[in-house]
Structure formats: C-alpha cells, structure tokens
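Undergrad: The structure file coords-v7.txt (compact mmCIF, C-alpha atoms) is provided below.
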```txt
# COMPACT_ATOMS: atom_id res chain seq x y z
CA MET A 1 -36.66 -0.87 7.69
CA SER A 2 -36.72 -0.86 3.88
CA THR A 3 -33.53 -0.72 1.86
CA SER A 4 -34.22 2.84 0.71
CA ALA A 5 -35.05 3.98 4.22
CA ARG A 6 -31.92 2.32 5.58
CA ALA A 7 -29.77 4.01 2.93
CA ALA A 8 -31.25 7.38 3.89
CA ALA A 9 -30.77 6.72 7.59
CA PHE A 10 -27.17 5.55 7.20
CA PRO A 11 -25.61 7.44 4.29
CA LEU A 12 -22.06 6.40 3.53
CA PRO A 13 -19.50 9.02 4.54
CA GLY A 14 -17.03 10.32 2.00
CA PRO A 15 -13.41 9.24 1.67
CA PRO A 16 -10.50 10.89 3.53
CA ASN A 17 -9.55 14.35 2.34
CA PRO A 18 -7.55 13.76 -0.90
CA ALA A 19 -5.11 16.64 -0.35
CA ARG A 20 -4.31 15.52 3.18
CA ALA A 21 -4.04 11.90 2.07
CA LEU A 22 -1.51 12.82 -0.63
CA ARG A 23 0.58 14.72 1.92
CA SER A 24 0.46 11.82 4.37
CA ARG A 25 0.87 8.55 2.40
CA ALA A 26 2.10 6.95 5.62
CA THR A 27 3.33 3.38 5.62
CA GLY A 28 4.16 0.90 8.34
CA ALA A 29 2.05 -0.68 11.06
CA VAL A 30 -1.30 0.83 12.03
CA PRO A 31 -0.67 2.61 15.37
CA GLY A 32 -2.25 0.73 18.26
CA LEU A 33 -3.00 -2.41 16.23
CA ARG A 34 -2.32 -5.62 18.14
CA HIS A 35 0.06 -7.88 16.23
CA ARG A 36 2.85 -10.34 16.86
CA PRO A 37 6.19 -9.92 15.06
CA ALA A 38 6.57 -12.18 12.05
CA ALA A 39 9.56 -14.34 11.25
CA PRO A 40 11.59 -12.53 8.54
CA ALA A 41 11.02 -13.68 4.98
CA ASP A 42 14.02 -15.07 3.12
CA PRO A 43 14.24 -12.75 0.07
CA GLU A 44 15.89 -15.43 -2.11
CA LYS A 45 13.16 -17.92 -1.27
CA ALA A 46 10.45 -15.33 -1.96
CA ALA A 47 12.05 -14.43 -5.31
CA GLU A 48 12.25 -18.10 -6.32
CA ILE A 49 8.57 -18.63 -5.50
CA ASP A 50 7.66 -15.53 -7.53
CA ARG A 51 9.69 -16.91 -10.45
CA ARG A 52 7.90 -20.26 -10.22
CA LEU A 53 4.47 -18.65 -9.88
CA GLU A 54 4.95 -16.37 -12.87
CA ALA A 55 6.18 -19.28 -15.00
CA TRP A 56 3.16 -21.32 -13.89
CA ALA A 57 0.74 -18.49 -14.62
CA ARG A 58 2.29 -17.76 -18.02
CA GLY A 59 2.34 -21.44 -18.94
CA LEU A 60 -1.39 -21.68 -18.24
CA ASP A 61 -2.10 -18.28 -19.84
CA LEU A 62 -3.87 -17.14 -16.67
CA PHE A 63 -3.59 -13.41 -17.21
CA PRO A 64 -2.54 -10.98 -19.97
CA PRO A 65 0.94 -9.37 -20.11
CA ARG A 66 -0.39 -6.02 -18.88
CA TRP A 67 -0.99 -7.61 -15.46
CA THR A 68 2.75 -8.15 -14.92
CA GLY A 69 3.08 -5.00 -12.84
CA ASP A 70 0.18 -6.04 -10.61
CA PHE A 71 1.77 -9.45 -10.14
CA ALA A 72 5.07 -7.94 -9.03
CA GLN A 73 3.43 -5.43 -6.69
CA PHE A 74 1.37 -8.07 -4.92
CA GLN A 75 4.53 -9.91 -3.81
CA PHE A 76 2.99 -13.39 -3.74
CA GLY A 77 6.30 -15.05 -2.93
CA ARG A 78 6.99 -12.79 0.01
CA ALA A 79 3.40 -13.20 1.23
CA VAL A 80 3.49 -17.00 1.48
CA THR A 81 7.05 -17.00 2.83
CA LEU A 82 5.96 -14.70 5.67
CA GLN A 83 2.71 -16.58 6.28
CA HIS A 84 4.22 -20.08 6.38
CA PRO A 85 7.57 -19.83 8.21
CA GLY A 86 7.33 -23.53 9.15
CA ALA A 87 6.76 -24.77 5.58
CA ALA A 88 8.13 -28.26 4.99
CA ASP A 89 9.68 -27.38 1.61
CA LEU A 90 9.70 -24.95 -1.30
CA GLU A 91 7.23 -27.04 -3.31
CA ARG A 92 4.57 -26.68 -0.62
CA LEU A 93 5.18 -22.95 -0.35
CA THR A 94 4.81 -22.68 -4.13
CA ALA A 95 1.53 -24.61 -3.98
CA ALA A 96 0.25 -22.18 -1.33
CA GLY A 97 1.26 -19.34 -3.65
CA LYS A 98 -0.63 -20.91 -6.56
CA LEU A 99 -3.79 -21.13 -4.46
CA LEU A 100 -3.39 -17.50 -3.33
CA LEU A 101 -2.83 -16.38 -6.93
CA ALA A 102 -5.82 -18.38 -8.21
CA GLU A 103 -8.12 -16.94 -5.54
CA ASN A 104 -7.05 -13.42 -6.51
CA ILE A 105 -7.55 -14.08 -10.22
CA VAL A 106 -11.11 -15.35 -9.64
CA ASP A 107 -11.88 -12.40 -7.35
CA SER A 108 -10.48 -9.85 -9.81
CA CYS A 109 -12.02 -11.33 -12.97
CA TYR A 110 -15.40 -12.37 -11.60
CA CYS A 111 -16.20 -10.03 -8.69
CA GLU A 112 -14.36 -6.69 -8.81
CA GLU A 113 -16.16 -4.25 -11.08
CA ASP A 114 -13.76 -1.36 -10.39
CA GLU A 115 -10.67 -3.25 -11.63
CA GLY A 116 -11.78 -3.26 -15.27
CA ARG A 117 -11.18 -6.99 -15.72
CA GLY A 118 -14.67 -8.15 -16.50
CA GLY A 119 -15.96 -8.54 -12.95
CA ALA A 120 -19.62 -7.74 -12.30
CA ARG A 121 -22.10 -8.18 -9.48
CA ARG A 122 -24.87 -9.10 -11.88
CA GLY A 123 -24.81 -12.80 -12.65
CA LEU A 124 -22.02 -13.47 -10.15
CA GLY A 125 -23.73 -16.55 -8.71
CA GLY A 126 -23.67 -18.31 -12.07
CA ARG A 127 -19.96 -17.62 -12.55
CA LEU A 128 -19.06 -18.72 -9.04
CA VAL A 129 -20.95 -22.01 -9.18
CA ILE A 130 -18.98 -22.92 -12.31
CA ALA A 131 -15.79 -21.77 -10.56
CA GLN A 132 -16.63 -24.06 -7.65
CA SER A 133 -16.93 -26.94 -10.10
CA ALA A 134 -13.30 -26.39 -11.10
CA LEU A 135 -12.51 -27.48 -7.53
CA ASP A 136 -15.45 -29.80 -6.80
CA PRO A 137 -15.74 -31.75 -10.08
CA PHE A 138 -18.92 -32.31 -12.04
CA HIS A 139 -20.14 -35.92 -12.24
CA GLY A 140 -22.53 -36.86 -15.02
CA THR A 141 -22.56 -38.67 -18.36
CA PRO A 142 -19.19 -39.11 -20.09
CA ALA A 143 -20.17 -36.73 -22.89
CA LEU A 144 -21.30 -33.98 -20.52
CA GLU A 145 -18.26 -34.43 -18.30
CA GLU A 146 -16.08 -33.92 -21.38
CA GLU A 147 -17.93 -30.69 -22.22
CA TRP A 148 -17.45 -29.54 -18.63
CA ARG A 149 -13.71 -30.28 -18.79
CA HIS A 150 -13.39 -28.25 -22.00
CA GLY A 151 -15.35 -25.41 -20.40
CA VAL A 152 -13.09 -25.32 -17.34
CA GLN A 153 -9.92 -25.31 -19.41
CA ALA A 154 -11.23 -22.58 -21.74
CA ASP A 155 -11.30 -19.91 -19.01
CA GLY A 156 -8.28 -18.46 -17.17
CA PRO A 157 -9.83 -18.13 -13.68
CA LEU A 158 -11.25 -21.66 -13.91
CA ARG A 159 -7.90 -23.04 -15.07
CA SER A 160 -6.18 -21.32 -12.17
CA TYR A 161 -8.50 -22.96 -9.63
CA HIS A 162 -8.29 -26.39 -11.27
CA TRP A 163 -4.50 -26.60 -11.54
CA ALA A 164 -3.78 -24.89 -8.21
CA LEU A 165 -5.92 -27.45 -6.40
CA LYS A 166 -4.40 -30.30 -8.41
CA ASP A 167 -0.90 -29.27 -7.36
CA TYR A 168 -1.97 -28.86 -3.72
CA ALA A 169 -3.72 -32.25 -3.69
CA ALA A 170 -0.49 -33.89 -4.85
CA PHE A 171 0.86 -33.62 -1.30
CA ALA A 172 -2.22 -32.87 0.85
CA THR A 173 -4.40 -35.69 2.14
CA PRO A 174 -7.90 -36.14 0.66
CA SER A 175 -9.32 -34.73 3.89
CA GLN A 176 -7.14 -31.62 3.68
CA SER A 177 -8.07 -31.09 0.03
CA ASP A 178 -11.77 -31.47 0.80
CA ARG A 179 -11.45 -29.00 3.68
CA LEU A 180 -10.01 -26.43 1.27
CA VAL A 181 -12.75 -27.02 -1.31
CA HIS A 182 -15.43 -26.38 1.32
CA ASP A 183 -13.68 -23.26 2.61
CA ILE A 184 -13.55 -21.82 -0.91
CA ALA A 185 -17.31 -22.45 -1.12
CA ARG A 186 -17.63 -20.35 2.05
CA LEU A 187 -15.55 -17.67 0.33
CA HIS A 188 -17.88 -17.70 -2.68
CA LEU A 189 -20.89 -17.31 -0.37
CA GLY A 190 -19.26 -14.21 1.08
CA TYR A 191 -18.60 -12.83 -2.41
CA LEU A 192 -22.29 -13.27 -3.23
CA ALA A 193 -23.44 -11.53 -0.06
CA GLU A 194 -21.21 -8.53 -0.72
CA ALA A 195 -22.38 -8.31 -4.34
CA SER A 196 -26.03 -8.58 -3.29
CA TRP A 197 -25.67 -5.76 -0.79
CA ALA A 198 -24.00 -3.57 -3.42
CA GLU A 199 -26.82 -4.24 -5.89
CA THR A 200 -29.56 -3.47 -3.37
CA ARG A 201 -27.57 -0.68 -1.68
CA HIS A 202 -28.08 -2.43 1.63
CA ARG A 203 -26.20 -0.73 4.47
CA PRO A 204 -25.35 -3.52 6.90
CA ARG A 205 -25.09 -3.20 10.63
CA VAL A 206 -21.62 -3.79 12.01
CA TRP A 207 -22.36 -7.35 13.10
CA GLU A 208 -23.95 -8.12 9.72
CA TYR A 209 -20.89 -6.84 7.91
CA LEU A 210 -18.57 -8.93 10.05
CA VAL A 211 -20.71 -12.01 9.47
CA MET A 212 -20.26 -11.47 5.72
CA ARG A 213 -16.52 -11.00 6.19
CA GLN A 214 -16.29 -14.23 8.18
CA PHE A 215 -17.13 -15.92 4.87
CA ASN A 216 -15.50 -13.43 2.48
CA ASN A 217 -12.07 -13.67 4.08
CA PHE A 218 -8.70 -15.43 4.10
CA ARG A 219 -9.96 -18.74 5.46
CA PRO A 220 -8.90 -20.79 2.38
CA CYS A 221 -5.35 -19.56 2.98
CA LEU A 222 -5.38 -20.64 6.62
CA SER A 223 -7.01 -23.98 5.68
CA VAL A 224 -3.68 -25.17 4.31
CA VAL A 225 -1.35 -24.35 7.23
CA ASP A 226 -0.96 -27.95 8.39
CA ALA A 227 -0.49 -29.39 4.89
CA VAL A 228 2.11 -26.75 3.99
CA ASP A 229 3.96 -27.46 7.23
CA GLY A 230 4.02 -31.17 6.40
CA TYR A 231 1.47 -32.78 8.72
CA GLU A 232 -2.30 -33.20 9.12
CA LEU A 233 -4.59 -32.08 11.92
CA PRO A 234 -7.07 -35.00 11.76
CA GLU A 235 -10.57 -34.17 10.57
CA ALA A 236 -12.13 -35.32 13.85
CA VAL A 237 -9.93 -32.84 15.74
CA TYR A 238 -10.26 -30.04 13.18
CA ALA A 239 -14.07 -30.27 13.40
CA ARG A 240 -14.15 -29.72 17.16
CA PRO A 241 -15.98 -26.47 18.06
CA GLU A 242 -13.04 -24.99 19.95
CA ILE A 243 -10.72 -25.62 16.97
CA GLN A 244 -13.25 -24.13 14.59
CA ARG A 245 -13.53 -21.10 16.85
CA ILE A 246 -9.81 -20.31 16.97
CA THR A 247 -9.66 -20.83 13.21
CA ALA A 248 -12.52 -18.39 12.67
CA LEU A 249 -11.03 -15.84 15.09
CA ALA A 250 -7.69 -15.99 13.27
CA CYS A 251 -9.42 -15.55 9.90
CA ASN A 252 -11.53 -12.66 11.18
CA ALA A 253 -8.54 -10.85 12.68
CA THR A 254 -6.61 -11.08 9.39
CA THR A 255 -9.64 -9.85 7.45
CA ILE A 256 -10.04 -6.76 9.62
CA VAL A 257 -6.31 -6.13 9.10
CA ASN A 258 -6.99 -6.15 5.36
CA ASP A 259 -9.86 -3.68 5.79
CA LEU A 260 -7.62 -1.32 7.74
CA TYR A 261 -4.62 -1.44 5.41
CA SER A 262 -6.59 -1.37 2.15
CA PHE A 263 -8.89 1.41 3.40
CA THR A 264 -7.42 4.34 1.43
CA LYS A 265 -6.74 2.20 -1.66
CA GLU A 266 -10.34 0.98 -1.84
CA LEU A 267 -11.92 4.37 -1.23
CA ALA A 268 -9.70 6.00 -3.85
CA SER A 269 -11.14 3.68 -6.50
CA ASP A 270 -14.66 3.35 -5.08
CA PRO A 271 -15.84 5.82 -2.40
CA GLU A 272 -18.78 3.54 -1.55
CA HIS A 273 -16.73 0.36 -1.14
CA LEU A 274 -17.80 -1.47 2.00
CA ASN A 275 -15.16 -1.96 4.65
CA LEU A 276 -15.31 -2.00 8.43
CA PRO A 277 -14.55 1.71 9.04
CA GLN A 278 -17.18 2.72 6.47
CA VAL A 279 -19.79 0.50 8.12
CA VAL A 280 -18.93 1.73 11.63
CA ALA A 281 -19.12 5.35 10.46
CA ALA A 282 -22.53 4.82 8.85
CA ASN A 283 -23.99 3.05 11.88
CA ASP A 284 -22.44 5.24 14.59
CA ARG A 285 -23.00 8.47 12.61
CA CYS A 286 -19.41 9.50 13.15
CA GLY A 287 -16.49 10.58 11.00
CA LEU A 288 -14.20 8.13 9.26
CA LYS A 289 -11.30 8.86 11.61
CA ALA A 290 -13.34 7.91 14.68
CA ALA A 291 -14.75 4.89 12.83
CA TYR A 292 -11.27 3.76 11.77
CA LEU A 293 -9.98 3.94 15.34
CA THR A 294 -13.06 2.05 16.55
CA SER A 295 -12.29 -0.61 13.95
CA VAL A 296 -8.76 -0.93 15.32
CA GLY A 297 -10.34 -1.61 18.70
CA ILE A 298 -12.64 -4.27 17.23
CA HIS A 299 -9.63 -5.97 15.67
CA ASN A 300 -7.76 -5.91 18.96
CA GLU A 301 -10.64 -7.57 20.80
CA VAL A 302 -10.82 -10.32 18.18
CA MET A 303 -7.04 -10.73 18.30
CA ASP A 304 -7.06 -10.93 22.10
CA ALA A 305 -9.73 -13.65 21.96
CA PHE A 306 -7.73 -15.60 19.39
CA GLU A 307 -4.53 -15.53 21.41
CA ARG A 308 -6.26 -16.33 24.70
CA GLU A 309 -8.33 -19.21 23.33
CA SER A 310 -5.47 -20.58 21.22
CA ALA A 311 -3.34 -20.83 24.35
CA ALA A 312 -6.13 -22.72 26.11
CA VAL A 313 -6.77 -25.29 23.34
CA SER A 314 -3.05 -25.83 22.77
CA ALA A 315 -3.05 -27.83 25.98
CA LEU A 316 -5.19 -30.50 24.28
CA SER A 317 -2.25 -32.10 22.44
CA PRO A 318 1.10 -31.28 20.81
CA LEU A 319 -0.59 -31.51 17.40
CA VAL A 320 -3.24 -28.93 18.33
CA GLU A 321 -0.49 -26.72 19.72
CA ARG A 322 1.33 -26.99 16.40
CA TYR A 323 -1.82 -26.11 14.47
CA ALA A 324 -2.54 -23.10 16.72
CA ARG A 325 1.04 -21.93 16.22
CA GLY A 326 0.61 -22.28 12.45
CA LEU A 327 -2.50 -20.08 12.59
CA SER A 328 -0.65 -17.53 14.70
CA ASP A 329 2.30 -17.53 12.29
CA TRP A 330 -0.06 -16.93 9.36
CA VAL A 331 -1.76 -14.04 11.17
CA ALA A 332 1.61 -12.46 12.00
CA GLY A 333 2.98 -12.94 8.49
CA ASN A 334 -0.17 -11.56 6.91
CA HIS A 335 0.07 -8.43 9.05
CA GLU A 336 3.73 -7.96 8.15
CA TRP A 337 2.94 -8.31 4.44
CA HIS A 338 0.23 -5.64 4.67
CA ALA A 339 2.28 -3.27 6.81
CA THR A 340 5.32 -3.38 4.53
CA ASN A 341 3.70 -3.58 1.09
CA SER A 342 4.02 0.09 0.25
CA HIS A 343 3.27 -0.58 -3.44
CA ARG A 344 -0.33 -1.42 -2.52
CA TYR A 345 -1.17 0.17 0.81
CA HIS A 346 -0.86 3.54 2.55
CA LEU A 347 -2.40 4.48 5.87
CA PRO A 348 -4.95 7.29 6.20
CA ASP A 349 -3.87 10.58 7.76
CA TYR A 350 -5.47 9.90 11.16
CA TRP A 351 -2.50 10.25 13.55
```
Starting from the coordinates I provided, produce the structure as structure tokens.

TA:
Amino acid sequence: MSTSARAAAFPLPGPPNPARALRSRATGAVPGLRHRPAAPADPEKAAEIDRRLEAWARGLDLFPPRWTGDFAQFQFGRAVTLQHPGAADLERLTAAGKLLLAENIVDSCYCEEDEGRGGARRGLGGRLVIAQSALDPFHGTPALEEEWRHGVQADGPLRSYHWALKDYAAFATPSQSDRLVHDIARLHLGYLAEASWAETRHRPRVWEYLVMRQFNNFRPCLSVVDAVDGYELPEAVYARPEIQRITALACNATTIVNDLYSFTKELASDPEHLNLPQVVAANDRCGLKAAYLTSVGIHNEVMDAFERESAAVSALSPLVERYARGLSDWVAGNHEWHATNSHRYHLPDYW
C-alpha cells in the first residue's frame, strides 16, 4: 500500500475533547496499569542532585536561562533517585542525571519541532551522526581531530553528550561505557525512524510502531544500572540472549508507560504526534479511549513477560539476579516519576 493510500485508510483520530480534558486533569497512576511500588525518593538527595545538575549545566552553558522552569518541572534529581534506589553513591547518581539531562537536551534541540528549540526532522541524520561522535570520538589526522574537538565544544547538545559521558566513564568500566555508547546509537536510529515517518506521513502498524519504540526508548538509562549500583555485569553475560531479552522487555514496558502518561501533553501540542494509543486507534479504527485501554493491556502483557522471564534468569547467578533487580527498580521508579509528576503529565478523561 502506498503512503498516501495508507494515510487515507488509517487517518489519525483527533485528540481528547479539550473541554472534558480541562475538567478532568486527573493525576496519579493509570487505572489498571501493572506496576510495582517504587522505593521512596529521598527529597534531600534529589534536591542535591538537582543543584549539582543545574550548576553543571550552567557551567557548560548547555541551555538558556528561559529553560530554568522546564528544568525544575522535569525533576531530574527525583527521577534518578527513584530509578536507582541501590546507587553506590551520590556521585554515580549525579552522573546518571547528567546522562539523562544530556539525552533530553539533544532530543529537544535536534529532534522536537514543536518545542521551538531548533529541532527539525529535515537533516536530522546529519545532526545525529555528529552527536554520536561526541560519544564515539572521531579518529583522523591531528589537524582534523582538533577541528572536530572545537566543533563538539561549540554546540550545547554536543557538549552535554561529551561531558556527561566523560563523567560516567570516570567510574564505569570501558565495557560499560562502550555499552552505553552503542545504546545511544540505537536511540538515534529510533529518532531517525520517527522523523522519517513524520516526513512521509507513514502510518505504522502497531508492531512497526513498537519496533521503532524499542530503539527510541529509555534503553540508555537502563544501560547504566549496574555501573550506578557499583558493580559490572560482565559483557559475556550481558550479551546472552536471555539477558538481552529481559533488558529489552524492561525498556519497552517503560516506553509504553511514557506513551500513556504523556498522551494528553503530546496531543495538546501536536494532534498528530505518534504514540501507542494513536497508532492502535488508527489501525483498529476505534476511538482513542478504546485504543488507550488497549494500550494499557499491551503494556501489561509486556510487563508480565518481563517479570516472569526476569525471575527465571535470576536463577543463573547472584550477579544476574542483582542486574534483574536493578532493571525492575528502574522500571518501578520510572513509573512512579511519571505518575506523580503533575507538572508535566495529566491523564485523559477515560475513567
């Protein structure tokens, strides 16, 4: 089917009724969504990480003063404190926060057209390959390497990647750092797929959308759970198919959580923004409420598979059990951050 024919066959439904949404503005956990309770975040620890992150960002001139409100509303310190309850120390939590902040700066400045920060789909591949070089350094002649270094340091998003990785690599092993670099490359591939579909107005099938989201997701954040907790899952173990599967399932569950909690926020700014309920509605020819509830069910199946298979592989060794627990903690903390971040997210009026 051609792109134009597919668009006609699967028109995107409209957003939730604005008047009803304004009356509702519900917060809290999505009803019926499978999740495990998260360990409470220490507010003093979260505030200290936020203080360190803002000082780091200001020192590197990563974003203009008008972004201060966005920084505060995101609650980076609370996010990483919830997601890494077993962190070895405050320095490692701060490094995780720097990576999270850098990933959001690159996404906002390079990819997100609706945020008014210079992002654009057109030419995204060129920007992202240079961004990847801030993590995976260029090797050439001395003169060209010097030009590359100046180019990286001349741009805020590139600086954020470069220095966030440098601070992480100060305590992570070379294998852990390389793992992260490759997972950010996966993230960039997902960004490119989403941008391509927006340019061509491709309406993906549900499985196609979820394939894209398996790349365009939180995997770089989960890549660091062992390093932040102060140990290493050896590369030979990490590469095993069953370990890769539970890692992917955890990442996919957290990404669907993001789709569900950011649903009204995204549609308010861009009624055609792709997310799982939109894609389900277009493919199943149903309303957004039915599609949203179907998406909750998809999440729950993925979450069930993650918990079941994590329990099975945990029997391999105490180290694998620790890694699986770290993934589970990140999933729980990520859900808690979404469900309680009322500055950013409100549920649709579907219950």

Undergrad: Skipping near chain neighbours, those fewer than 6 positions away, what residues fall within 6 Å of segment 83-100 of chain A using all atoms listed in the file, listed as a VMD selection string?

TA: chain A and resid 49 164 168 228 to 230 330 333 to 334

Undergrad: Select, from A:Val152, A:Leu222, A:Ala290, A:Ala57, the residue with the minimum atom-to-atom distance to Asp329 of chain A, counting all atoms listed in the file.

TA: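 The closest residue to Asp329 of chain A is A:Leu222.
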
Undergrad: Quick one: contact table of segment 257-336 of chain A to segment 190-209 of chain A, 10 Å max, nearest atom pair and distance in Å to one decimal per residue, counting all atoms listed in the file, chain and number order, as a tab-separated table?

TA:
```
residue	atom	partner	partner_atom	distance
A:Glu272	CA	A:Ala198	CA	9.0
A:His273	CA	A:Ala198	CA	8.6
A:Leu274	CA	A:Glu194	CA	8.3
A:Asn275	CA	A:Tyr209	CA	8.2
A:Leu276	CA	A:Tyr209	CA	7.4
A:Pro277	CA	A:Val206	CA	9.4
A:Gln278	CA	A:Val206	CA	9.6
A:Val279	CA	A:Val206	CA	6.1
A:Val280	CA	A:Val206	CA	6.2
A:Ala281	CA	A:Val206	CA	9.6
A:Ala282	CA	A:Arg203	CA	8.0
A:Asn283	CA	A:Arg205	CA	6.5
A:Asp284	CA	A:Val206	CA	9.4
```

Undergrad: Of the candidates A:Asp183, A:Phe63, A:Leu327, A:Thr340, which one gets nearest to Asn104 of chain A if we count only C-alpha atoms?

TA: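 The answer is A:Phe63, which sits nearest to Asn104 of chain A.
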
Undergrad: Using all atoms listed in the file, determine which residues lie at most 9 Å from segment 255-262 of chain A, disregarding the query and same-chain residues fewer than 4 positions distant; provide the list as a PyMOL selection string.

TA: chain A and resi 29-30+33+210+213-214+216-218+250-251+266-267+275-277+292+295-296+298-299+334-335+338-339+344-348

Undergrad: Taking 3 positions as the minimum chain separation for residues in the same chain, which residues sit within 7 Å of Ala332 of chain A when counting all atoms listed in the file? Answer as number ranges by chain.

TA: A: 35-38, 328-329, 335-336

Undergrad: By how many Å are atom CA of Gly125 of chain A and atom CA of Val224 of chain A apart?

TA: 25.4 Å
